[in-house]
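Trainee: Provided below: input30.tsv, containing TSV, C-alpha atoms and all ligand atoms.
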chain	number	residue	atom	x	y	z
A	1	MET	CA	33.57	-46.20	0.44
A	2	SER	CA	30.52	-47.25	-1.55
A	3	ARG	CA	29.46	-46.81	-5.14
A	4	LEU	CA	27.17	-43.85	-5.65
A	5	ALA	CA	23.62	-45.13	-6.10
A	6	THR	CA	20.03	-44.05	-5.58
A	7	VAL	CA	18.43	-45.97	-2.73
A	8	ASN	CA	15.04	-45.96	-0.99
A	9	VAL	CA	14.94	-46.15	2.79
A	10	VAL	CA	11.65	-47.34	4.22
A	11	LYS	CA	10.32	-47.32	7.77
A	12	THR	CA	7.05	-48.70	9.09
A	13	PHE	CA	4.96	-47.39	12.00
A	14	THR	CA	1.64	-48.27	13.60
A	15	PHE	CA	-0.90	-46.14	15.42
A	16	ASP	CA	-4.41	-46.54	16.77
A	17	ALA	CA	-7.13	-44.01	16.05
A	18	ALA	CA	-10.88	-43.56	15.92
A	19	HIS	CA	-12.85	-41.96	13.11
A	20	PHE	CA	-16.18	-41.74	11.37
A	21	LEU	CA	-17.09	-40.71	7.83
A	22	PRO	CA	-19.92	-38.17	7.81
A	23	ASN	CA	-20.39	-38.24	4.03
A	24	TYR	CA	-20.84	-41.97	3.84
A	25	ASP	CA	-23.95	-44.06	4.03
A	26	GLY	CA	-22.78	-47.27	5.66
A	27	LYS	CA	-20.99	-48.84	8.60
A	28	CYS	CA	-18.05	-46.42	8.46
A	29	GLY	CA	-20.38	-43.51	9.12
A	30	LYS	CA	-20.43	-44.62	12.76
A	31	LEU	CA	-17.59	-43.96	15.21
A	32	HIS	CA	-15.12	-46.87	15.13
A	33	GLY	CA	-11.38	-47.50	15.31
A	34	HIS	CA	-8.46	-48.91	13.35
A	35	THR	CA	-4.88	-49.93	13.99
A	36	TYR	CA	-3.23	-48.11	11.08
A	37	THR	CA	0.09	-49.13	9.54
A	38	LEU	CA	2.04	-46.25	8.02
A	39	ILE	CA	4.94	-46.97	5.65
A	40	THR	CA	7.21	-44.07	4.72
A	41	CYS	CA	9.70	-44.24	1.86
A	42	PHE	CA	12.49	-41.71	1.35
A	43	VAL	CA	14.89	-41.64	-1.58
A	44	GLY	CA	18.38	-40.23	-1.95
A	45	GLN	CA	21.92	-40.96	-2.97
A	46	VAL	CA	24.09	-43.24	-0.92
A	47	GLY	CA	27.79	-42.57	-0.86
A	48	GLY	CA	30.45	-40.78	1.14
A	49	ASP	CA	31.66	-41.93	4.54
A	50	ARG	CA	28.36	-42.65	6.29
A	51	CYS	CA	26.87	-44.70	3.44
A	52	MET	CA	23.36	-43.68	4.48
A	53	VAL	CA	20.50	-41.95	2.65
A	54	ALA	CA	18.83	-40.90	5.90
A	55	ASP	CA	19.39	-42.16	9.42
A	56	PHE	CA	16.52	-44.50	10.41
A	57	GLY	CA	16.57	-42.73	13.78
A	58	ALA	CA	15.99	-39.38	12.09
A	59	ILE	CA	13.03	-40.86	10.16
A	60	LYS	CA	11.60	-42.19	13.42
A	61	ASP	CA	11.93	-38.77	15.09
A	62	LEU	CA	10.40	-36.99	12.08
A	63	VAL	CA	7.36	-39.26	11.78
A	64	GLN	CA	6.83	-39.28	15.53
A	65	GLU	CA	6.80	-35.48	15.70
A	66	VAL	CA	4.96	-34.68	12.47
A	67	VAL	CA	2.43	-37.52	12.34
A	68	LEU	CA	2.19	-39.82	15.34
A	69	ASP	CA	2.12	-37.21	18.13
A	70	ASP	CA	-1.08	-35.85	16.56
A	71	LEU	CA	-2.70	-39.04	15.33
A	72	ASP	CA	-1.97	-41.85	17.77
A	73	HIS	CA	-4.94	-42.51	20.08
A	74	SER	CA	-6.84	-39.59	18.58
A	75	CYS	CA	-10.23	-39.15	17.03
A	76	LEU	CA	-9.11	-38.30	13.50
A	77	ASN	CA	-12.14	-36.09	12.86
A	78	ASP	CA	-10.89	-33.77	15.64
A	79	VAL	CA	-7.24	-33.55	14.56
A	80	ASN	CA	-5.90	-30.21	13.35
A	81	TRP	CA	-4.53	-31.22	9.96
A	82	GLU	CA	-3.13	-27.87	8.93
A	83	ILE	CA	0.20	-28.50	7.29
A	84	TYR	CA	3.33	-26.58	8.09
A	85	PRO	CA	3.81	-23.29	6.25
A	86	ASP	CA	5.44	-24.01	2.92
A	87	PRO	CA	6.24	-20.70	1.22
A	88	GLY	CA	7.05	-22.41	-2.06
A	89	GLU	CA	3.56	-23.73	-2.63
A	90	ASP	CA	0.05	-22.43	-2.39
A	91	PHE	CA	-1.56	-24.89	0.03
A	92	THR	CA	-4.22	-23.72	2.42
A	93	SER	CA	-5.47	-25.49	5.51
A	94	GLU	CA	-8.89	-25.64	3.89
A	95	VAL	CA	-7.52	-27.84	1.09
A	96	TRP	CA	-6.39	-30.38	3.66
A	97	GLU	CA	-9.56	-30.27	5.74
A	98	LEU	CA	-10.07	-33.80	7.03
A	99	SER	CA	-13.61	-33.78	8.26
A	100	GLN	CA	-13.83	-36.90	6.07
A	101	PRO	CA	-10.79	-38.88	7.31
A	102	THR	CA	-10.63	-41.61	4.71
A	103	ALA	CA	-7.33	-43.43	4.16
A	104	GLU	CA	-7.03	-41.49	0.88
A	105	ASN	CA	-7.42	-38.08	2.53
A	106	MET	CA	-5.11	-39.05	5.37
A	107	VAL	CA	-2.31	-40.31	3.16
A	108	VAL	CA	-2.28	-37.02	1.21
A	109	ALA	CA	-2.26	-34.93	4.38
A	110	ILE	CA	0.49	-37.07	5.94
A	111	ALA	CA	2.60	-36.80	2.78
A	112	GLU	CA	2.20	-33.01	2.64
A	113	ARG	CA	3.11	-32.67	6.31
A	114	LEU	CA	6.20	-34.86	5.90
A	115	LYS	CA	7.31	-33.03	2.74
A	116	ALA	CA	7.01	-29.65	4.43
A	117	ALA	CA	8.75	-30.88	7.59
A	118	LEU	CA	11.80	-32.05	5.64
A	119	THR	CA	12.70	-28.41	5.08
A	120	LEU	CA	12.17	-27.27	8.69
A	121	PRO	CA	15.04	-26.43	11.04
A	122	GLY	CA	15.68	-29.50	13.17
A	123	HIS	CA	15.06	-31.91	10.29
A	124	ALA	CA	16.55	-30.20	7.23
A	125	GLU	CA	20.12	-31.17	8.06
A	126	ALA	CA	19.33	-34.87	8.55
A	127	PHE	CA	17.37	-34.97	5.27
A	128	GLU	CA	19.60	-32.89	3.02
A	129	GLY	CA	19.29	-34.22	-0.54
A	130	VAL	CA	16.55	-36.65	0.55
A	131	HIS	CA	13.03	-36.66	-0.91
A	132	LEU	CA	9.79	-38.21	0.22
A	133	ARG	CA	8.98	-40.83	-2.39
A	134	GLN	CA	5.97	-42.75	-1.11
A	135	VAL	CA	3.58	-42.86	1.83
A	136	THR	CA	1.39	-45.92	2.29
A	137	LEU	CA	-1.37	-46.11	4.87
A	138	PHE	CA	-3.02	-49.44	5.71
A	139	GLU	CA	-6.42	-48.96	7.31
A	140	THR	CA	-6.88	-52.71	7.69
A	141	PRO	CA	-4.40	-55.53	6.98
A	142	THR	CA	-5.80	-55.82	3.43
A	143	SER	CA	-6.76	-52.22	2.52
A	144	TYR	CA	-4.42	-49.30	1.94
A	145	ALA	CA	-4.05	-45.99	0.14
A	146	SER	CA	-0.72	-44.75	-1.17
A	147	TRP	CA	0.71	-41.37	-2.22
A	148	ILE	CA	3.60	-41.53	-4.70
A	149	ALA	CA	5.71	-38.44	-5.46
A	150	GLU	CA	6.08	-39.28	-9.16
A	151	ASP	CA	2.28	-39.26	-9.57
A	152	GLN	CA	2.09	-35.71	-8.20
A	153	VAL	CA	4.70	-34.48	-10.69
A	154	GLU	CA	2.80	-36.15	-13.51
A	155	LEU	CA	-0.46	-34.61	-12.30
A	156	ALA	CA	1.10	-31.12	-12.16
A	157	LEU	CA	2.38	-31.54	-15.72
A	158	ARG	CA	-1.01	-32.73	-16.94
A	159	LEU	CA	-2.80	-29.82	-15.24
A	160	ALA	CA	-0.31	-27.36	-16.74
A	161	GLU	CA	-1.15	-28.79	-20.15
A	162	GLY	CA	-4.84	-28.10	-19.54
A	163	ALA	CA	-6.07	-31.51	-18.42
A	164	THR	CA	-8.79	-31.35	-15.78
A	165	THR	CA	-7.87	-34.60	-14.07
A	166	PHE	CA	-5.00	-37.04	-13.95
A	167	PHE	CA	-6.93	-39.98	-15.28
A	168	ILE	CA	-9.58	-38.74	-17.68
A	169	ASP	CA	-9.08	-36.47	-20.67
A	170	ASP	CA	-12.02	-34.11	-21.02
A	171	PRO	CA	-12.50	-33.29	-24.72
A	172	GLU	CA	-14.22	-30.02	-23.72
A	173	GLU	CA	-10.91	-28.83	-22.31
A	174	ASP	CA	-8.93	-29.37	-25.52
A	175	ASN	CA	-8.10	-26.04	-27.11
A	201	ZN	ZN	-12.80	-46.73	9.36
How would this structure read if it were set down as structure tokens?
Ligand SMILES: [Zn+2]
Mentor:
Amino acid sequence: MSRLATVNVVKTFTFDAAHFLPNYDGKCGKLHGHTYTLITCFVGQVGGDRCMVADFGAIKDLVQEVVLDDLDHSCLNDVNWEIYPDPGEDFTSEVWELSQPTAENMVVAIAERLKAALTLPGHAEAFEGVHLRQVTLFETPTSYASWIAEDQVELALRLAEGATTFFIDDPEEDN
């Protein structure tokens, strides 16, 4: 028996992939490769008999199926990045078009795929009451992009209030 608490469970993966950035005037415009490090963070309550938020094995299976099977040893520009159908939200495959596979674009697409997959049969039971909190993608050992769930909630609230972006208040939009 444990005390009820909110705990993050974090698992790290690596994969190799090639890419190029068409809309970029520099070295990264040419075909090249990276060994990416992907760090996934899930949050939930720990308690009950198992004293687990989510089984690390279930996280491994989820990330393997939803992310690594498509990305490892791929050319990222050729990957079909359409996310799973998510009837609760109005995402389209066009929004997540990754013809420009920067770490920033990839981390958003990976987060959306993982979020959607948590509700799919085969994963939903293992992740009941568990939320995706953060996805971090290292493109090199010193450079990474991260998606954080709390930021998306804040952004949605700001947009609902009429802000045009998360970071900059546009005085033209005040009314
Ligand atoms: Zn690159």
Trainee: Enumerate residues in contact with ligand ZN 201 (chain A): an atom-to-atom distance of at most 9 Å, counting only C-alpha atoms and all ligand atoms. Format the result as a list of chain:residue names.
Mentor: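 Listing the residues within 9 Å of ligand ZN 201 (chain A) gives A:Ala18, A:His19, A:Phe20, A:Leu21, A:Lys27, A:Cys28, A:Gly29, A:Lys30, A:Leu31, A:His32, A:Gly33, A:His34, A:Pro101, A:Thr102, A:Ala103, A:Glu139, A:Thr140.
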Trainee: How many Å lie between atom CA of Phe15 of chain A and atom CA of Ala145 of chain A, rounded to one decimal?
Mentor: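 Atom CA of Ala145 of chain A lies 15.6 Å from atom CA of Phe15 of chain A.
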Trainee: For a test of reading the model, state the distance in Å between atom CA of Ile110 of chain A and atom CA of Arg50 of chain A, rounded to one decimal.
Mentor: 28.4 Å
Trainee: Quick one: residues within 9 Å of Val67 of chain A, all atoms listed in the file counted, chain neighbours fewer than 3 positions away excluded, as a list in words?
Mentor: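 That gives Leu62, Val63, Gln64, Asp70, Leu71, Asp72, Ile110, Arg113 and Leu114 of chain A.
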Trainee: Enter the distance from atom CA of Val130 of chain A to atom CA of Ala54 of chain A, in Å, rounded to one decimal.
Mentor: 7.2 Å
Trainee: My list of candidates is A:Asp78, A:Asp16, A:Glu125, A:Glu150. Which is closest to Tyr36 of chain A when distances are computed with all atoms listed in the file?
Mentor: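 The shortest atom-to-atom distance to Tyr36 of chain A comes from A:Asp16.
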Trainee: Gln45 of chain A: which residues within 9 Å, counting only C-alpha atoms, same-chain residues fewer than 4 positions away excluded, as a list in words?
Mentor: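 Counting only the stated atoms, we get Leu4, Ala5, Thr6, Val7, Asn8, Cys51, Met52, Val53, Gly129 and Val130 of chain A.
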Trainee: Let me make sure I understand: among A:Ala126, A:Ala17, A:Ala116, A:Leu137, which one has the smallest atom-to-atom distance to Lys60 of chain A if we use all atoms listed in the file?
Mentor: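 Smallest separation from Lys60 of chain A among the options: A:Ala126.
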Trainee: Would you list the residues near (-14.4, -36.4, 8.2) (no more than 6 Å away, in the coordinates of the file, using only C-alpha atoms) as a ChimeraX atom specification?
Mentor: /A:21-22,77,98-101
